[in-house]
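Notes for the one structure printed next.
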Amino acid sequence: MAGVPWVQPVQEHPMFVQAREGEPFEELYRRFKRGMEASGLLREYRRKQRFIPAHEERRAKIQNAARKKRRAEAKSGGGGR
């Protein structure tokens with residue numbers, strides 16, 4: 001599938017943890033959750049649950065950039081007025 005740009009190779013088991021000697025399950029589970037959060041797998045999965053058309057993605061990207069710019073201006077002490 002190298003010639004098809006929209007098909008991505010599937011990763012097998014990208015996130016795993018190994019139990020340490022005498023480690024309780026709760027600690028192992030906490031490490032796993034932290035690793036999943038850091039890897040962004042769940043975020044990506046949830047994002048792909050709903051199809052978002054390209055025009056909506058562009059619109060959201062523009063709105064996020066505007067929001068980020070407004071917040072940066074507010075943090076720096078003003079809007080130049």
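By convention in this document, the chains of the structure tokens carry letters A, B, ... by their order, each chain's residues are numbered from 1, and ligands are numbered from 1 in the order they are shown.
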
> Using the chain letters and numbers from this document, which residues of segment 2-62 of chain A does DSSP assign to alpha helix (DSSP H), as a ChimeraX atom specification?
Replying inline: /A:25-39,41-47,54-62

Preceding selection exported with C-alpha atoms as a CSV table (one decimal), in the first residue's frame:
```
chain,number,residue,atom,x,y,z
A,25,PHE,CA,-2.4,-4.3,39.9
A,26,GLU,CA,-3.6,-0.7,40.7
A,27,GLU,CA,-0.1,0.6,40.2
A,28,LEU,CA,0.3,-1.3,37.0
A,29,TYR,CA,-3.1,0.0,35.7
A,30,ARG,CA,-2.1,3.5,36.7
A,31,ARG,CA,1.1,3.2,34.7
A,32,PHE,CA,-0.8,1.8,31.7
A,33,LYS,CA,-3.4,4.7,31.8
A,34,ARG,CA,-0.6,7.3,32.0
A,35,GLY,CA,1.1,5.7,29.1
A,36,MET,CA,-2.1,5.6,27.0
A,37,GLU,CA,-2.7,9.3,27.8
A,38,ALA,CA,0.8,10.2,26.8
A,39,SER,CA,0.7,8.2,23.6
A,41,LEU,CA,-4.1,6.6,21.3
A,42,LEU,CA,-7.5,7.2,22.9
A,43,ARG,CA,-7.6,10.8,21.8
A,44,GLU,CA,-7.0,9.7,18.2
A,45,TYR,CA,-9.6,6.9,18.5
A,46,ARG,CA,-12.3,9.2,19.8
A,47,ARG,CA,-11.5,11.8,17.1
A,54,ALA,CA,-12.4,18.8,5.3
A,55,HIS,CA,-14.2,22.1,5.4
A,56,GLU,CA,-15.2,21.6,9.1
A,57,GLU,CA,-11.6,20.6,10.0
A,58,ARG,CA,-10.3,23.8,8.3
A,59,ARG,CA,-12.9,25.9,10.0
A,60,ALA,CA,-12.0,24.4,13.4
A,61,LYS,CA,-8.3,24.9,12.7
A,62,ILE,CA,-8.8,28.6,11.9
```

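Here atom CA of Ala72 of chain A is placed at a distance of 27.8 Å from atom CA of Ile52 of chain A.
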
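Pairwise distance (atom CA of Gln49 of chain A, atom CA of Lys68 of chain A) equals 25.7 Å.
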
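You will find atom CA of Asn64 of chain A at 29.3 Å from atom CA of Pro14 of chain A.
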